[in-house]
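Next up, protein27.tsv (TSV, C-alpha atoms):
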chain	number	residue	atom	x	y	z
A	1	MET	CA	0.00	0.00	0.00
A	2	THR	CA	2.73	2.39	0.98
A	3	ASN	CA	4.71	1.55	-2.15
A	4	ARG	CA	1.89	2.49	-4.53
A	5	ASN	CA	1.26	5.72	-2.64
A	6	GLN	CA	4.93	6.55	-3.03
A	7	GLN	CA	4.70	5.81	-6.76
A	8	LEU	CA	1.65	8.06	-7.05
A	9	ASN	CA	3.31	10.91	-5.18
A	10	LYS	CA	6.34	10.61	-7.45
A	11	ILE	CA	4.09	11.06	-10.49
A	12	LEU	CA	2.12	13.93	-8.95
A	13	ASN	CA	5.26	15.81	-7.90
A	14	ASP	CA	7.27	15.29	-11.09
A	15	THR	CA	8.61	18.76	-11.98
A	16	LYS	CA	10.92	17.69	-14.81
A	17	SER	CA	8.84	15.59	-17.20
A	18	GLY	CA	6.45	16.99	-19.78
A	19	SER	CA	2.70	16.51	-19.53
A	20	SER	CA	2.62	13.56	-21.98
A	21	LYS	CA	5.18	11.60	-19.97
A	22	ILE	CA	3.42	12.36	-16.69
A	23	LEU	CA	0.10	11.28	-18.20
A	24	LEU	CA	1.61	8.02	-19.45
A	25	HIS	CA	2.99	7.23	-15.99
A	26	LEU	CA	-0.40	8.06	-14.45
A	27	GLN	CA	-2.25	5.81	-16.92
A	28	LYS	CA	0.12	2.90	-16.27
A	29	HIS	CA	-0.20	3.38	-12.51
A	30	ILE	CA	-3.98	3.23	-12.74
A	31	LEU	CA	-3.74	0.13	-14.93
A	32	GLN	CA	-1.60	-1.56	-12.27
A	33	ASN	CA	-4.28	-0.87	-9.66
A	34	LEU	CA	-7.28	-1.62	-11.84
A	35	ASN	CA	-9.16	-3.74	-9.31
A	36	ASP	CA	-9.21	-1.08	-6.59
A	37	LYS	CA	-11.80	1.51	-7.64
A	38	ALA	CA	-11.54	3.31	-4.30
A	39	TYR	CA	-7.84	3.87	-4.93
A	40	ILE	CA	-8.48	4.98	-8.51
A	41	LYS	CA	-10.95	7.57	-7.18
A	42	LYS	CA	-8.21	8.75	-4.81
A	43	ILE	CA	-5.83	9.04	-7.78
A	44	ILE	CA	-8.39	11.13	-9.67
A	45	THR	CA	-8.92	13.46	-6.72
A	46	LYS	CA	-5.19	13.99	-6.18
A	47	ALA	CA	-4.42	14.34	-9.88
A	48	ASP	CA	-7.18	16.95	-10.20
A	49	ILE	CA	-5.41	18.99	-7.54
A	50	HIS	CA	-1.81	18.54	-8.68
A	51	LEU	CA	-2.02	18.10	-12.46
A	52	SER	CA	-5.15	19.90	-13.69
A	53	HIS	CA	-3.01	22.61	-15.34
A	54	PHE	CA	-1.99	19.97	-17.92
A	55	ALA	CA	-4.68	19.89	-20.62
A	56	SER	CA	-3.98	16.27	-21.58
A	57	VAL	CA	-4.26	15.08	-17.96
A	58	LYS	CA	-7.42	17.13	-17.38
A	59	ASN	CA	-9.07	15.71	-20.51
A	60	PHE	CA	-8.06	12.17	-19.57
A	61	LEU	CA	-9.37	12.46	-16.01
A	62	LYS	CA	-12.71	13.77	-17.26
A	63	GLU	CA	-13.15	10.71	-19.47
A	64	LEU	CA	-11.83	8.36	-16.78
A	65	LYS	CA	-14.46	9.57	-14.30
A	66	THR	CA	-17.21	8.64	-16.75
A	67	LYS	CA	-15.68	5.25	-17.52
A	68	LEU	CA	-15.18	4.49	-13.84
A	69	ASN	CA	-18.89	4.93	-13.13
A	70	LEU	CA	-20.22	3.16	-16.21
A	71	SER	CA	-17.68	0.40	-16.90
A	72	ASP	CA	-16.63	-2.87	-15.33
A	73	SER	CA	-12.95	-3.75	-14.82
A	74	SER	CA	-12.50	-5.32	-18.26
A	75	GLN	CA	-13.94	-2.25	-20.02
A	76	LEU	CA	-11.83	0.04	-17.88
A	77	LYS	CA	-8.74	-2.02	-18.73
A	78	GLU	CA	-9.53	-1.75	-22.44
A	79	PHE	CA	-10.01	2.02	-22.13
A	80	LEU	CA	-6.64	2.49	-20.40
A	81	GLU	CA	-4.74	0.22	-22.80
A	82	ASN	CA	-6.25	2.01	-25.79
A	83	ALA	CA	-5.38	5.39	-24.26
A	84	ILE	CA	-1.73	4.33	-23.89
A	85	LEU	CA	-1.50	2.87	-27.40
A	86	SER	CA	-3.37	5.72	-29.09
A	87	HIS	CA	-0.67	8.24	-28.14
A	88	SER	CA	2.00	6.31	-30.06
A	89	LYS	CA	-0.32	5.93	-33.05
A	90	GLU	CA	-1.11	9.65	-33.02
A	91	ILE	CA	2.60	10.50	-32.99
A	92	GLU	CA	3.23	8.21	-35.96
A	93	ASP	CA	0.36	9.76	-37.93
A	94	LEU	CA	1.48	13.27	-36.98
A	95	PHE	CA	5.00	12.63	-38.23
A	96	GLU	CA	3.90	10.86	-41.40
A	97	SER	CA	1.63	13.78	-42.33
A	98	ASN	CA	4.37	16.37	-41.78
A	99	LYS	CA	7.66	14.64	-42.58
A	100	LYS	CA	8.03	16.30	-45.98
A	101	TYR	CA	7.75	19.73	-44.33
A	102	LEU	CA	10.02	18.79	-41.42
A	103	SER	CA	12.70	17.21	-43.62
A	104	LYS	CA	13.94	20.61	-44.83
A	105	PHE	CA	15.18	21.60	-41.38
A	106	LYS	CA	18.78	20.55	-40.71
A	107	THR	CA	19.43	22.43	-37.45
A	108	VAL	CA	16.80	23.24	-34.82
A	109	THR	CA	16.50	24.84	-31.38
A	110	THR	CA	14.28	23.64	-28.55
A	111	LEU	CA	13.97	23.89	-24.78
A	112	SER	CA	12.89	21.88	-21.75
A	113	PHE	CA	11.66	18.27	-22.19
A	114	SER	CA	8.67	17.27	-24.30
A	115	LYS	CA	7.82	13.56	-24.57
A	116	THR	CA	5.73	14.26	-27.65
A	117	LEU	CA	8.66	16.02	-29.27
A	118	LEU	CA	10.98	13.20	-28.19
A	119	GLU	CA	8.76	10.59	-29.86
A	120	VAL	CA	8.67	12.69	-33.03
A	121	MET	CA	12.47	13.05	-32.92
A	122	LYS	CA	12.87	9.26	-32.78
A	123	LEU	CA	11.05	9.02	-36.10
A	124	TRP	CA	12.81	12.10	-37.45
A	125	PHE	CA	16.24	10.56	-36.82
A	126	ASN	CA	15.56	7.92	-39.47
A	127	LEU	CA	14.77	10.72	-41.91
A	128	ASN	CA	17.76	12.92	-41.04
A	129	PRO	CA	20.33	11.37	-38.67
A	130	GLU	CA	22.74	14.28	-39.31
A	131	MET	CA	20.42	16.93	-37.89
A	132	LYS	CA	21.87	19.09	-35.10
A	133	ILE	CA	19.81	20.17	-32.10
A	134	PHE	CA	20.45	23.17	-29.86
A	135	ILE	CA	18.83	22.61	-26.44
A	136	LEU	CA	18.26	25.34	-23.86
A	137	GLU	CA	18.77	23.91	-20.37
A	138	SER	CA	15.47	25.34	-19.05
A	139	ARG	CA	15.82	26.67	-15.54
A	140	PRO	CA	15.04	26.20	-12.73
A	141	ASN	CA	14.87	22.38	-13.04
A	142	PHE	CA	17.19	21.93	-16.05
A	143	GLU	CA	14.88	19.61	-17.99
A	144	GLY	CA	16.89	20.47	-21.10
A	145	ARG	CA	19.78	18.42	-19.74
A	146	LEU	CA	17.53	15.36	-19.50
A	147	PHE	CA	16.25	15.98	-23.01
A	148	ALA	CA	19.83	16.22	-24.31
A	149	LYS	CA	20.63	12.82	-22.78
A	150	GLU	CA	17.62	11.26	-24.48
A	151	LEU	CA	18.43	12.82	-27.85
A	152	ILE	CA	22.08	11.78	-27.88
A	153	ARG	CA	20.94	8.29	-26.89
A	154	ILE	CA	18.91	8.26	-30.11
A	155	GLY	CA	22.02	9.40	-31.99
A	156	PHE	CA	21.50	13.13	-32.58
A	157	ARG	CA	24.29	15.69	-32.36
A	158	CYS	CA	23.30	18.12	-29.61
A	159	GLU	CA	24.58	21.38	-28.15
A	160	LEU	CA	23.36	22.39	-24.67
A	161	LEU	CA	23.19	26.10	-23.84
A	162	VAL	CA	22.09	28.25	-20.92
A	163	ASP	CA	18.71	29.90	-21.53
A	164	ALA	CA	20.26	33.34	-21.97
A	165	MET	CA	22.11	32.10	-25.09
A	166	MET	CA	18.89	31.43	-27.00
A	167	ASN	CA	19.61	34.10	-29.62
A	168	TYR	CA	22.89	32.38	-30.55
A	169	ALA	CA	21.07	29.07	-30.94
A	170	VAL	CA	18.14	30.48	-32.94
A	171	ARG	CA	20.41	32.52	-35.21
A	172	ASN	CA	22.23	29.31	-36.15
A	173	SER	CA	19.10	27.21	-36.61
A	174	ASP	CA	16.64	26.62	-39.43
A	175	ALA	CA	13.67	26.44	-37.08
A	176	VAL	CA	12.57	26.52	-33.43
A	177	LEU	CA	10.54	23.62	-32.03
A	178	ILE	CA	8.53	23.53	-28.82
A	179	GLY	CA	5.93	21.24	-27.32
A	180	ALA	CA	2.75	22.42	-25.62
A	181	ASP	CA	1.00	21.90	-22.32
A	182	GLN	CA	-2.16	23.64	-23.50
A	183	ILE	CA	-3.53	24.98	-26.78
A	184	LEU	CA	-6.02	27.65	-25.80
A	185	GLU	CA	-9.28	28.29	-27.63
A	186	ASN	CA	-7.91	31.61	-28.93
A	187	GLY	CA	-4.96	29.84	-30.59
A	188	ASN	CA	-2.37	30.86	-28.01
A	189	VAL	CA	-0.08	28.16	-26.64
A	190	VAL	CA	0.96	27.48	-23.05
A	191	ASN	CA	4.40	25.93	-22.63
A	192	LYS	CA	7.46	25.90	-20.36
A	193	ILE	CA	8.73	29.25	-19.14
A	194	GLY	CA	11.22	30.65	-21.63
A	195	SER	CA	9.03	29.75	-24.60
A	196	TYR	CA	7.73	33.31	-25.03
A	197	PRO	CA	11.19	34.94	-25.29
A	198	LEU	CA	12.23	32.04	-27.51
A	199	ALA	CA	9.25	32.79	-29.77
A	200	LEU	CA	10.22	36.47	-29.86
A	201	CYS	CA	13.77	35.47	-30.70
A	202	ALA	CA	12.57	33.26	-33.55
A	203	ASN	CA	10.43	36.11	-34.86
A	204	GLU	CA	13.33	38.58	-34.71
A	205	ASN	CA	15.61	36.16	-36.58
A	206	LYS	CA	12.87	35.31	-39.08
A	207	LYS	CA	12.96	31.62	-38.18
A	208	PRO	CA	9.76	29.52	-38.07
A	209	LEU	CA	8.38	28.59	-34.64
A	210	LEU	CA	6.74	25.17	-34.75
A	211	VAL	CA	4.57	23.79	-31.96
A	212	ILE	CA	4.49	19.99	-32.03
A	213	THR	CA	1.65	18.60	-29.96
A	214	THR	CA	-1.15	16.07	-29.71
A	215	LYS	CA	-4.87	16.80	-29.91
A	216	ASP	CA	-5.45	16.16	-26.20
A	217	LYS	CA	-3.65	19.45	-25.44
A	218	PHE	CA	-6.51	21.55	-26.88
A	219	ILE	CA	-8.87	23.03	-24.29
A	220	ASN	CA	-12.17	24.93	-24.42
A	221	SER	CA	-10.85	28.02	-22.68
A	222	ASP	CA	-8.81	31.07	-23.59
A	223	LYS	CA	-7.69	31.81	-20.02
A	224	PHE	CA	-4.34	30.90	-18.53
A	225	VAL	CA	-3.28	31.84	-15.01
A	226	PRO	CA	0.32	30.90	-14.09
A	227	LYS	CA	0.88	29.35	-10.68
A	228	GLU	CA	3.87	30.23	-8.55
A	229	LYS	CA	6.18	27.37	-7.62
A	230	SER	CA	8.74	26.94	-4.87
A	231	GLU	CA	11.10	29.89	-4.35
A	232	SER	CA	13.88	27.57	-3.26
A	233	GLU	CA	14.15	26.17	-6.80
A	234	VAL	CA	15.38	29.60	-7.89
A	235	TRP	CA	17.57	30.44	-4.88
A	236	ASN	CA	17.63	29.37	-1.24
A	237	PHE	CA	18.75	32.83	-0.11
A	238	ARG	CA	16.13	34.88	1.77
A	239	HIS	CA	15.91	38.56	2.63
A	240	ARG	CA	12.99	40.77	3.60
A	241	LYS	CA	13.71	43.06	0.64
A	242	LEU	CA	14.06	40.22	-1.87
A	243	LYS	CA	11.17	38.52	-3.66
A	244	LEU	CA	11.79	35.33	-5.62
A	245	THR	CA	9.36	34.46	-8.43
A	246	ASN	CA	9.12	31.04	-10.02
A	247	PHE	CA	6.61	30.20	-12.76
A	248	TYR	CA	6.84	26.95	-14.74
A	249	PHE	CA	4.60	27.91	-17.67
A	250	GLU	CA	3.74	30.92	-19.80
A	251	GLU	CA	1.49	31.87	-22.73
A	252	ILE	CA	2.79	32.37	-26.26
A	253	PRO	CA	0.62	34.54	-28.55
A	254	LYS	CA	-0.55	32.80	-31.71
A	255	GLU	CA	0.86	35.66	-33.80
A	256	LEU	CA	4.38	34.41	-32.99
A	257	ILE	CA	3.61	30.80	-33.98
A	258	THR	CA	4.33	29.74	-37.54
A	259	LYS	CA	2.61	26.36	-37.42
A	260	VAL	CA	0.94	24.05	-34.91
A	261	ILE	CA	1.69	20.47	-35.93
A	262	SER	CA	-0.88	18.13	-34.38
If you took the structure in this file and wrote it as structure tokens, what would it be?
Amino acid sequence: MTNRNQQLNKILNDTKSGSSKILLHLQKHILQNLNDKAYIKKIITKADIHLSHFASVKNFLKELKTKLNLSDSSQLKEFLENAILSHSKEIEDLFESNKKYLSKFKTVTTLSFSKTLLEVMKLWFNLNPEMKIFILESRPNFEGRLFAKELIRIGFRCELLVDAMMNYAVRNSDAVLIGADQILENGNVVNKIGSYPLALCANENKKPLLVITTKDKFINSDKFVPKEKSESEVWNFRHRKLKLTNFYFEEIPKELITKVIS
């Protein structure tokens, strides 16, 4: 019992993975505890509190609540297995539909860690194994470092830079790629902090900004309110005249986005 609660808390408090990866871990955890509906209801309640800012998680939980009330264990198992498999199929279809367009880019810049983007890059490597990727480290949790490890494991040539060097990276790239945590109804995109200045940088350098995402990131709202995170992630120094601000996500205006690939 304690072990599964620890596993759940690890998923709920994951500050480094993208929403798609967190959702996948959540789905697999529910699948492992399929016969305990009381525990699944607990998962839903906690995930609603901790992860509702992720559009894909919010959409999944909404459907899960319905299935939990109307389905038996075998139907619920089928729903979860299909949800896990459908993500991979959607990525394959997404890449297949856009590979001709993507193939012209030989050097790209990105930031943070997007599982959706990672899955696309796995397919992209077969198309262009010589492509170079600039990766911004993405403070305060340095998810870009983790993304770099995954990309070099695939076989890509990567260059890791501090966030403040984004102009250097963009200037030497053919395109800028980001994932998305939400696609708002007004066409704006919510993604990891640093994405807005990166979009401005792409615009200034006349480089296309591509958002690569899945359809479960679209929401029926045009409102985004950033939530403050722990100050200690920025700096553990305290002073009465010093305020530390830490947001994980920000909104990118649609006018700065060249193409949403979904």
Selected residue, from A:Asn186, A:Asn98, A:Asn172, A:Gln7, that lies nearest to His25 of chain A when counting all atoms listed in the file:
A:Gln7
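The point (19.5, 34.8, -20.8) has these residues within 12 Å of it when all atoms listed in the file are used: A:Leu136, A:Glu137, A:Ser138, A:Arg139, A:Leu161, A:Val162, A:Asp163, A:Ala164, A:Met165, A:Met166, A:Asn167, A:Tyr168, A:Ala169, A:Gly194, A:Pro197, A:Leu198, A:Cys201.
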Close residues, Leu200 of chain A itself excluded, 9 Å, all atoms listed in the file, min 5 positions apart in chain, as a JSON list (two decimals) with C-alpha atoms, in the frame of the given file:
[["chain", "number", "residue", "atom", "x", "y", "z"],
["A", 195, "SER", "CA", 9.03, 29.75, -24.60],
["A", 205, "ASN", "CA", 15.61, 36.16, -36.58],
["A", 256, "LEU", "CA", 4.38, 34.41, -32.99]]
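Distance check against Thr109 of chain A using all atoms listed in the file: of A:Leu26, A:Ile152, A:Met131, A:Leu12, the minimum falls on A:Met131.
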Distance query Phe247 of chain A at most 8 Å, all atoms listed in the file, self and fewer than 4 positions along chain excluded, as a ChimeraX atom specification:
/A:193,226-229
Provide an axis-aligned box for all listed atoms of segment 19-30 of chain A, padding each side by 6 Å; report its centre and its edge lengths in Å to one decimal, as JSON.
{"center_x": 0.6, "center_y": 9.7, "center_z": -17.2, "size_x": 21.2, "size_y": 25.6, "size_z": 21.5}
Residues near Leu23 of chain A, anyone? I mean within 8 Å using all atoms listed in the file, not counting same-chain ones fewer than 3 positions away, as number ranges by chain.
A: 19-20, 26-27, 56-57
A:Pro140, A:Pro129, A:Gly155, A:Pro253: which is nearest Asn188 of chain A, counting only C-alpha atoms?
A:Pro253
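The list of residues with at least one atom within 7 Å of segment 207-222 of chain A, based on only C-alpha atoms and without residues fewer than 5 positions apart in the same chain, reads Ala55, Ser56, Asn59, Thr116, Leu117, Asp174, Ala175, Val176, Leu177, Ile178, Gly179, Ala180, Asp181, Gln182, Ile183, Leu184, Glu185, Asn186, Ala199, Ala202, Ile257, Thr258, Lys259, Val260, Ile261 and Ser262 of chain A.
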Rounded to one decimal place, report the atom CA of Asn128 of chain A-atom CA of Ser103 of chain A distance in Å.
7.1 Å
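Here atom CA of Phe60 of chain A stands at a distance of 10.0 Å from atom CA of Ile44 of chain A.
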Could you tell me, as a VMD selection string, which residues have any atom at most 12 Å from (16.2, 11.1, -24.5), counting only C-alpha atoms?
chain A and resid 17 21 112 to 122 135 143 to 156 158
